[in-house]
$ cat model22.cif   # mmCIF, C-alpha atoms (C1' of nucleotides) and all ligand atoms
data_final
loop_
_atom_site.label_atom_id
_atom_site.label_comp_id
_atom_site.auth_asym_id
_atom_site.auth_seq_id
_atom_site.Cartn_x
_atom_site.Cartn_y
_atom_site.Cartn_z
CA MET A 14 93.86 122.91 100.10
CA GLY A 15 91.11 123.02 97.50
CA VAL A 16 89.56 125.85 95.57
CA VAL A 17 89.54 129.14 97.43
CA ARG A 18 88.52 131.54 94.64
CA LYS A 19 85.57 131.36 92.30
CA THR A 20 87.51 132.11 89.18
CA LYS A 21 86.30 132.18 85.60
CA SER A 22 88.17 128.94 84.91
CA VAL A 23 86.51 127.07 87.76
CA LYS A 24 83.09 128.31 86.70
CA LEU A 25 83.61 127.23 83.09
CA LEU A 26 84.77 123.80 84.16
CA LEU A 27 81.80 123.27 86.45
CA GLU A 28 79.45 124.37 83.67
CA GLU A 29 80.73 121.49 81.56
CA PHE A 30 79.81 119.04 84.30
CA GLU A 31 76.35 120.61 84.65
CA LYS A 32 75.55 120.03 80.98
CA SER A 33 75.27 116.27 81.48
CA SER A 34 75.69 113.71 84.21
CA SER A 35 78.25 111.67 82.29
CA ALA A 36 81.90 111.69 83.20
CA ILE A 37 84.29 113.78 81.09
CA SER A 38 87.88 112.93 80.28
CA VAL A 39 90.57 115.53 80.85
CA ILE A 40 91.50 115.19 77.20
CA THR A 41 87.97 116.16 76.19
CA LEU A 42 87.95 119.13 78.56
CA ILE A 43 91.24 120.36 77.11
CA GLU A 44 89.78 120.13 73.60
CA ARG A 45 86.49 121.80 74.50
CA LEU A 46 87.99 124.63 76.54
CA ASP A 47 91.05 125.14 74.39
CA SER A 48 90.16 128.74 73.55
CA GLU A 49 89.09 129.55 77.10
CA MET A 50 91.99 128.38 79.23
CA ASN A 51 95.34 126.64 79.26
CA LYS A 52 95.58 122.89 79.83
CA THR A 53 97.76 123.45 82.90
CA THR A 54 94.94 125.46 84.43
CA ILE A 55 92.53 122.63 83.70
CA TYR A 56 94.72 120.02 85.37
CA ARG A 57 95.24 122.20 88.43
CA ALA A 58 91.62 123.27 88.82
CA LEU A 59 90.32 119.69 88.51
CA ASP A 60 92.83 118.62 91.13
CA LYS A 61 91.49 121.20 93.55
CA LEU A 62 87.86 120.46 92.80
CA GLU A 63 88.58 116.84 93.65
CA ASP A 64 90.23 117.91 96.91
CA ASP A 65 87.05 119.78 97.75
CA GLY A 66 84.82 116.79 97.08
CA VAL A 67 83.11 118.50 94.15
CA LEU A 68 84.44 116.07 91.56
CA HIS A 69 85.98 112.62 91.70
CA SER A 70 88.43 111.08 89.28
CA PHE A 71 89.19 107.63 87.93
CA LEU A 72 91.05 106.05 85.04
CA GLY A 73 89.32 104.99 81.84
CA LYS A 74 90.22 102.04 79.66
CA ASN A 75 93.42 103.56 78.29
CA GLY A 76 94.61 104.74 81.67
CA HIS A 77 93.51 108.30 80.88
CA LYS A 78 91.99 110.42 83.60
CA TRP A 79 88.25 111.10 83.82
CA TYR A 80 86.26 113.30 86.18
CA ALA A 81 82.63 113.26 87.25
CA LYS A 82 80.46 115.08 89.75
CA CYS A 83 80.37 113.74 93.27
CA ASN A 84 77.10 112.97 94.97
CA ASN A 85 77.80 112.95 98.67
CA CYS A 86 81.49 113.59 99.12
CA SER A 87 83.17 116.11 101.37
CA ALA A 88 86.70 117.43 101.19
CA HIS A 89 89.30 114.74 101.86
CA HIS A 90 86.63 112.08 102.20
CA HIS A 91 85.44 110.55 98.97
CA HIS A 92 83.04 107.95 100.31
CA ASP A 93 81.21 107.77 97.02
CA VAL A 94 83.00 104.67 95.71
CA HIS A 95 81.13 103.12 92.83
CA PRO A 96 81.84 101.34 89.55
CA HIS A 97 82.18 103.15 86.24
CA PHE A 98 80.90 101.99 82.90
CA GLN A 99 82.62 102.82 79.64
CA CYS A 100 80.89 102.11 76.35
CA VAL A 101 83.36 100.48 73.98
CA ASP A 102 81.33 101.80 71.08
CA CYS A 103 80.76 105.52 71.72
CA GLY A 104 83.35 105.92 74.48
CA LYS A 105 80.92 107.52 76.93
CA VAL A 106 81.58 106.89 80.62
CA ASP A 107 78.99 106.95 83.42
CA CYS A 108 79.00 106.48 87.16
CA LEU A 109 76.88 103.51 88.21
CA SER A 110 74.78 103.35 91.32
CA GLU A 111 75.07 99.58 91.59
CA THR A 112 77.27 98.23 94.35
CA VAL A 113 80.09 95.83 93.60
CA VAL A 114 80.87 93.70 96.63
CA ILE A 115 84.57 93.23 97.26
CA PRO A 116 85.23 89.96 99.10
CA GLU A 117 87.62 89.68 102.02
CA ILE A 118 91.14 88.96 100.77
CA PRO A 119 93.21 86.74 103.10
CA ASN A 120 96.46 88.31 104.34
CA ARG A 121 95.70 91.63 102.68
CA LYS A 122 93.94 94.79 103.75
CA VAL A 123 91.95 96.47 100.97
CA HIS A 124 91.77 100.26 101.23
CA PHE A 125 90.45 101.27 97.83
CA SER A 126 88.76 99.47 95.00
CA GLN A 127 88.43 100.59 91.47
CA VAL A 128 85.97 98.89 89.13
CA LEU A 129 85.75 99.71 85.45
CA LEU A 130 83.12 97.90 83.42
CA GLN A 131 83.27 97.94 79.65
CA GLY A 132 80.47 97.11 77.29
CA THR A 133 77.65 98.55 75.24
CA CYS A 134 75.48 101.40 76.43
CA GLU A 135 71.78 101.85 75.78
CA GLN A 136 72.23 104.25 72.84
CA CYS A 137 74.73 102.00 71.09
CA PHE A 138 72.77 98.81 71.62
CA ASN A 139 71.35 98.45 68.07
CA MET B 12 99.36 86.80 65.28
CA GLY B 13 101.32 85.79 68.35
CA VAL B 14 104.82 84.47 68.86
CA VAL B 15 106.04 82.19 66.11
CA ARG B 16 109.76 82.06 66.96
CA LYS B 17 111.42 81.22 70.24
CA THR B 18 113.86 84.07 70.25
CA LYS B 19 116.35 85.03 72.92
CA SER B 20 114.17 88.02 73.84
CA VAL B 21 111.04 85.95 74.38
CA LYS B 22 112.97 83.46 76.51
CA LEU B 23 114.47 86.19 78.69
CA LEU B 24 111.07 87.78 79.21
CA LEU B 25 109.43 84.50 80.19
CA GLU B 26 112.30 83.81 82.60
CA GLU B 27 111.39 86.99 84.46
CA PHE B 28 107.84 85.75 84.91
CA GLU B 29 109.09 82.34 86.12
CA LYS B 30 111.11 83.93 88.92
CA SER B 31 107.99 84.86 90.88
CA SER B 32 104.25 84.66 90.51
CA SER B 33 103.73 88.42 90.98
CA ALA B 34 102.83 90.66 88.10
CA ILE B 35 105.58 92.83 86.55
CA SER B 36 105.13 96.29 85.11
CA VAL B 37 106.48 97.03 81.65
CA ILE B 38 108.53 99.82 83.21
CA THR B 39 110.24 97.33 85.51
CA LEU B 40 110.93 94.94 82.65
CA ILE B 41 112.52 97.72 80.63
CA GLU B 42 114.76 98.59 83.59
CA ARG B 43 115.72 95.01 84.33
CA LEU B 44 116.41 93.98 80.75
CA ASP B 45 117.93 97.26 79.63
CA SER B 46 121.27 95.68 78.70
CA GLU B 47 119.65 92.67 77.07
CA MET B 48 117.11 94.16 74.71
CA ASN B 49 115.48 97.32 73.43
CA LYS B 50 112.26 98.61 74.98
CA THR B 51 110.49 98.39 71.62
CA THR B 52 111.26 94.68 71.54
CA ILE B 53 109.82 94.32 75.04
CA TYR B 54 106.56 96.06 74.10
CA ARG B 55 106.17 94.01 70.95
CA ALA B 56 107.03 90.66 72.52
CA LEU B 57 104.66 91.19 75.47
CA ASP B 58 101.92 92.06 73.02
CA LYS B 59 102.39 88.80 71.19
CA LEU B 60 102.65 86.73 74.35
CA GLU B 61 99.30 88.17 75.38
CA ASP B 62 97.86 87.27 72.00
CA ASP B 63 98.98 83.70 72.58
CA GLY B 64 97.35 83.51 76.02
CA VAL B 65 100.71 83.14 77.77
CA LEU B 66 100.47 86.46 79.61
CA HIS B 67 97.63 88.84 80.40
CA SER B 68 97.83 92.57 80.92
CA PHE B 69 96.05 95.16 83.02
CA LEU B 70 96.58 98.71 84.21
CA GLY B 71 98.01 99.53 87.63
CA LYS B 72 97.12 102.48 89.80
CA ASN B 73 98.89 105.06 87.64
CA GLY B 74 97.48 103.69 84.42
CA HIS B 75 100.77 101.96 83.63
CA LYS B 76 100.72 98.56 82.03
CA TRP B 77 101.42 95.36 83.95
CA TYR B 78 101.71 91.76 82.80
CA ALA B 79 101.30 88.45 84.60
CA LYS B 80 101.25 84.78 83.71
CA CYS B 81 97.95 83.33 82.60
CA ASN B 82 96.56 80.23 84.21
CA ASN B 83 94.11 78.75 81.76
CA CYS B 84 93.96 81.06 78.80
CA SER B 85 94.31 80.15 75.17
CA ALA B 86 95.07 82.43 72.24
CA HIS B 87 92.31 84.96 71.61
CA HIS B 88 90.37 83.76 74.60
CA HIS B 89 91.39 85.25 77.94
CA HIS B 90 88.77 83.71 80.21
CA ASP B 91 90.93 84.18 83.27
CA VAL B 92 89.30 87.40 84.46
CA HIS B 93 90.15 88.11 88.06
CA PRO B 94 90.88 91.09 90.32
CA HIS B 95 94.37 92.45 90.88
CA PHE B 96 95.78 93.71 94.13
CA GLN B 97 98.38 96.47 94.31
CA CYS B 98 100.15 97.21 97.58
CA VAL B 99 100.24 100.96 98.12
CA ASP B 100 103.31 100.50 100.27
CA CYS B 101 105.74 98.34 98.29
CA GLY B 102 104.00 98.64 94.91
CA LYS B 103 103.84 94.87 94.32
CA VAL B 104 100.89 93.62 92.28
CA ASP B 105 99.36 90.14 92.42
CA CYS B 106 96.58 88.31 90.67
CA LEU B 107 93.84 87.27 93.08
CA SER B 108 91.88 84.05 92.88
CA GLU B 109 88.84 85.54 94.57
CA THR B 110 85.83 86.22 92.39
CA VAL B 111 84.25 89.67 92.24
CA VAL B 112 80.60 89.40 91.27
CA ILE B 113 79.49 92.04 88.79
CA PRO B 114 75.77 92.77 89.13
CA GLU B 115 73.43 93.10 86.17
CA ILE B 116 73.41 96.70 84.94
CA PRO B 117 70.04 97.85 83.54
CA ASN B 118 70.14 99.03 79.93
CA ARG B 119 73.77 98.10 79.52
CA LYS B 120 75.60 95.01 78.39
CA VAL B 121 78.84 94.38 80.27
CA HIS B 122 81.50 92.63 78.17
CA PHE B 123 84.55 93.05 80.31
CA SER B 124 85.30 94.08 83.87
CA GLN B 125 88.48 95.29 85.39
CA VAL B 126 88.94 95.35 89.16
CA LEU B 127 91.97 96.85 90.84
CA LEU B 128 92.17 96.66 94.62
CA GLN B 129 94.64 98.78 96.50
CA GLY B 130 95.80 98.27 100.04
CA THR B 131 98.48 96.69 102.19
CA CYS B 132 100.03 93.32 101.43
CA GLU B 133 101.14 90.71 103.93
CA GLN B 134 104.82 91.75 103.92
CA CYS B 135 104.03 95.43 104.46
CA PHE B 136 101.47 94.84 107.15
CA ASN B 137 103.65 95.76 110.19
"C1'" DC C 29 86.28 152.28 96.02
"C1'" DC C 30 91.32 151.32 96.52
"C1'" DT C 31 95.14 148.65 97.88
"C1'" DA C 32 97.76 144.61 99.66
"C1'" DT C 33 98.41 139.90 99.37
"C1'" DA C 34 98.01 135.43 98.27
"C1'" DT C 35 95.94 132.50 94.77
"C1'" DT C 36 95.51 131.42 90.18
"C1'" DT C 37 96.85 131.64 85.40
"C1'" DG C 38 99.58 131.30 80.86
"C1'" DC C 39 103.41 129.92 78.77
"C1'" DA C 40 107.17 127.32 77.53
"C1'" DA C 41 109.91 123.75 78.55
"C1'" DC C 42 110.08 119.32 80.29
"C1'" DT C 43 109.16 114.14 81.60
"C1'" DA C 44 108.07 109.69 80.53
"C1'" DA C 45 105.09 105.81 78.60
"C1'" DG C 46 104.19 103.99 74.63
"C1'" DT C 47 104.39 103.91 69.21
"C1'" DT C 48 106.18 103.93 64.39
"C1'" DG C 49 109.17 103.33 60.29
"C1'" DC C 50 112.84 101.24 58.42
"C1'" DG C 51 117.02 98.93 57.60
"C1'" DT C 52 119.43 94.89 59.68
"C1'" DT C 53 119.66 90.42 62.15
"C1'" DA C 54 118.55 85.88 63.12
"C1'" DG C 55 114.99 81.67 63.67
"C1'" DC C 56 113.68 77.97 61.31
"C1'" DA C 57 112.23 74.97 57.61
"C1'" DA C 58 113.51 73.06 53.31
"C1'" DT D 18 123.56 75.64 53.99
"C1'" DT D 19 120.39 78.70 52.11
"C1'" DG D 20 116.38 81.64 51.81
"C1'" DC D 21 112.44 83.56 53.65
"C1'" DT D 22 110.28 86.25 56.96
"C1'" DA D 23 109.56 87.24 61.75
"C1'" DA D 24 111.82 89.71 65.05
"C1'" DC D 25 115.10 93.23 66.39
"C1'" DG D 26 117.59 97.85 67.32
"C1'" DC D 27 117.57 102.40 66.78
"C1'" DA D 28 116.11 106.91 66.43
"C1'" DA D 29 112.56 109.78 66.02
"C1'" DC D 30 107.99 110.67 67.28
"C1'" DT D 31 103.41 111.19 69.96
"C1'" DT D 32 100.99 112.63 73.77
"C1'" DA D 33 99.25 112.79 78.75
"C1'" DG D 34 100.60 114.99 82.41
"C1'" DT D 35 104.07 118.09 85.27
"C1'" DT D 36 107.04 122.04 86.70
"C1'" DG D 37 108.91 126.77 87.41
"C1'" DC D 38 108.26 131.32 87.10
"C1'" DA D 39 106.57 135.76 85.98
"C1'" DA D 40 102.15 138.12 85.23
"C1'" DA D 41 97.29 138.55 86.26
"C1'" DT D 42 93.31 138.57 89.31
"C1'" DA D 43 90.06 137.42 93.16
"C1'" DT D 44 89.06 138.86 97.61
"C1'" DA D 45 89.40 140.88 102.19
"C1'" DG D 46 90.40 144.98 104.93
"C1'" DG D 47 90.60 149.69 105.30
ZN ZN A 201 77.64 103.93 73.67
ZN ZN A 202 81.88 108.14 89.39
ZN ZN A 203 103.53 95.55 100.14
ZN ZN A 204 96.11 88.66 86.72
#

$ encode --input "model22.cif" --output "structure tokens"
Amino acid sequence: MGVVRKTKSVKLLLEEFEKSSSAISVITLIERLDSEMNKTTIYRALDKLEDDGVLHSFLGKNGHKWYAKCNNCSAHHHHDVHPHFQCVDCGKVDCLSETVVIPEIPNRKVHFSQVLLQGTCEQCFN
Amino acid sequence: MGVVRKTKSVKLLLEEFEKSSSAISVITLIERLDSEMNKTTIYRALDKLEDDGVLHSFLGKNGHKWYAKCNNCSAHHHHDVHPHFQCVDCGKVDCLSETVVIPEIPNRKVHFSQVLLQGTCEQCFN
DNA sequence: CCTATATTTGCAACTAAGTTGCGTTAGCAA
DNA sequence: TTGCTAACGCAACTTAGTTGCAAATATAGG
């Protein structure tokens, strides 16, 4: 169904994603926007923004949910499948443009793939 | 520190993994062994078995923890990194022997990769 | 601008995976 | 058999995410 109203909550959430291109965890959004809106609102708005192809979600290293801006997705068709990189040092997560090739798996049909890389980012390299 | 005693709990857990080669979620283990042992015991024993290189763990599609037998791992050195396949139909999860090649990522050092494939397994294909 | 209506929100209560602290039990080696 | 210590059970806790409902608000139509 997606977002049908441009509410204050939706605007504030999208502003957060405009500030930087990195992904943001739901936990972080709840912390940052604590005084602006309820966590239930955050969960529901993110859900709808994903439906609309504005954001996409994935799970970070603890199984917690993260969101990031989509590049070329439309509603109900997230064709922007790419790996994500989480820095084990600073915790930052980014979408990668590199392609990970999934081999053919005998006797199985692969519909989705989810690749999370963990390591050290440029800032934390020293 | 790993397992140092062969307790009844450890034996019962390992029996579950001998029954089939598929991975088992912690949730399933807690259900199955409910009358045999406490869930805290299950969490702690699995943790130690992973330390010892007997089992390895990963996160399924909901971010819930799964365990499977290791093939060639030793304590503190899980070199058996491979993709996992979860059937979206029956929920079963298997370790795959296929190799997923992770490309070089500029400005980042990848230490660990985690690949979860979702799709339809052989049994659910019809 | 005003009103009707459906969407969105806040709140409080809930669910469920995983963790912690502590007193008791039980492997195992001497 | 005994003693030490790892492992266990239990209950209470933590926390990410969900649900139901009444109140608020965006938006279209008049
Ligand atoms: Zn970093
Ligand atoms: Zn992404
Ligand atoms: Zn299946
Ligand atoms: Zn595996």

$ interface_residues --input "model22.cif" --of "chain C" --to "chain A" --cutoff "8 Å" --atoms "all atoms listed in the file" --output "list in words"
DT35, DT37 and DG38 of chain C

$ residues_near_ligand --input "model22.cif" --ligand "ligand ZN 202 (chain A)" --cutoff "6 Å" --atoms "only C-alpha atoms (C1' of nucleotides) and all ligand atoms" --output "list in words"
Ala81, His97 and Cys108 of chain A

$ interface_residues --input "model22.cif" --of "chain A" --to "chain B" --cutoff "7 Å" --atoms "all atoms listed in the file" --output "PyMOL selection string"
chain A and resi 72+76+113-116+120-135

$ residues_around --input "model22.cif" --residues "region 41-44 of chain C" --least-positions-apart "3" --cutoff "10 Å" --atoms "only C-alpha atoms (C1' of nucleotides)" --output "VMD selection string"
chain D and resid 33 to 37

$ atom_distance --input "model22.cif" --atom1 "CA of Glu28 (chain A)" --atom2 "C1' of DA34 (chain C)"
26.1 Å

$ residues_around --input "model22.cif" --residues "His67 (chain B)" --least-positions-apart "5" --cutoff "8 Å" --atoms "all atoms listed in the file" --output "PyMOL selection string"
chain B and resi 61+78-81+89

$ residues_near_point --input "model22.cif" --point "(114.9, 73.9, 62.8)" --cutoff "12 Å" --atoms "all atoms listed in the file" --output "tab-separated table (two decimals) with C-alpha atoms (C1' of nucleotides), in the coordinates of the input"
chain	number	residue	atom	x	y	z
B	16	ARG	CA	109.76	82.06	66.96
B	17	LYS	CA	111.42	81.22	70.24
C	55	DG	C1'	114.99	81.67	63.67
C	56	DC	C1'	113.68	77.97	61.31
C	57	DA	C1'	112.23	74.97	57.61
C	58	DA	C1'	113.51	73.06	53.31

$ atom_distance --input "model22.cif" --atom1 "CA of Ser32 (chain B)" --atom2 "CA of Asp105 (chain B)"
7.6 Å

$ interface_residues --input "model22.cif" --of "chain D" --to "chain B" --cutoff "9 Å" --atoms "only C-alpha atoms (C1' of nucleotides)" --output "NGL selection string"
:D and (23-27)

$ closest_residue --input "model22.cif" --among "B:Gly13, B:Cys101, B:Val65, B:Asp45" --to "ligand ZN 203 (chain A)" --atoms "all atoms listed in the file"
B:Cys101

$ atom_distance --input "model22.cif" --atom1 "C1' of DC30 (chain C)" --atom2 "C1' of DA40 (chain D)"
20.5 Å

$ closest_residue --input "model22.cif" --among "B:Met12, B:Leu23, B:Glu29, B:His93" --to "Ser46 (chain B)" --atoms "only C-alpha atoms"
B:Leu23

$ axis_aligned_box --input "model22.cif" --around "region 35-52 of chain C" --padding-each-side "6 Å" --output "JSON"
{"center_x": 107.5, "center_y": 113.7, "center_z": 76.2, "size_x": 35.9, "size_y": 49.6, "size_z": 49.2}

$ closest_residue --input "model22.cif" --among "C:DT36, C:DC29, C:DG46, C:DA54" --to "Lys21 (chain A)" --atoms "only C-alpha atoms (C1' of nucleotides)"
C:DT36

$ closest_residue --input "model22.cif" --among "B:Val92, B:Asn82, B:Leu60, B:Ser33" --to "ligand ZN 203 (chain A)" --atoms "all atoms listed in the file"
B:Ser33

$ residues_around --input "model22.cif" --residues "DG49 (chain C)" --least-positions-apart "3" --cutoff "12 Å" --atoms "only C-alpha atoms (C1' of nucleotides)" --output "list in words"
DC27, DA28, DA29 and DC30 of chain D

$ closest_residue --input "model22.cif" --among "A:Leu42, A:Ile55, A:Leu27, A:Val106" --to "ligand ZN 201 (chain A)" --atoms "only C-alpha atoms and all ligand atoms"
A:Val106
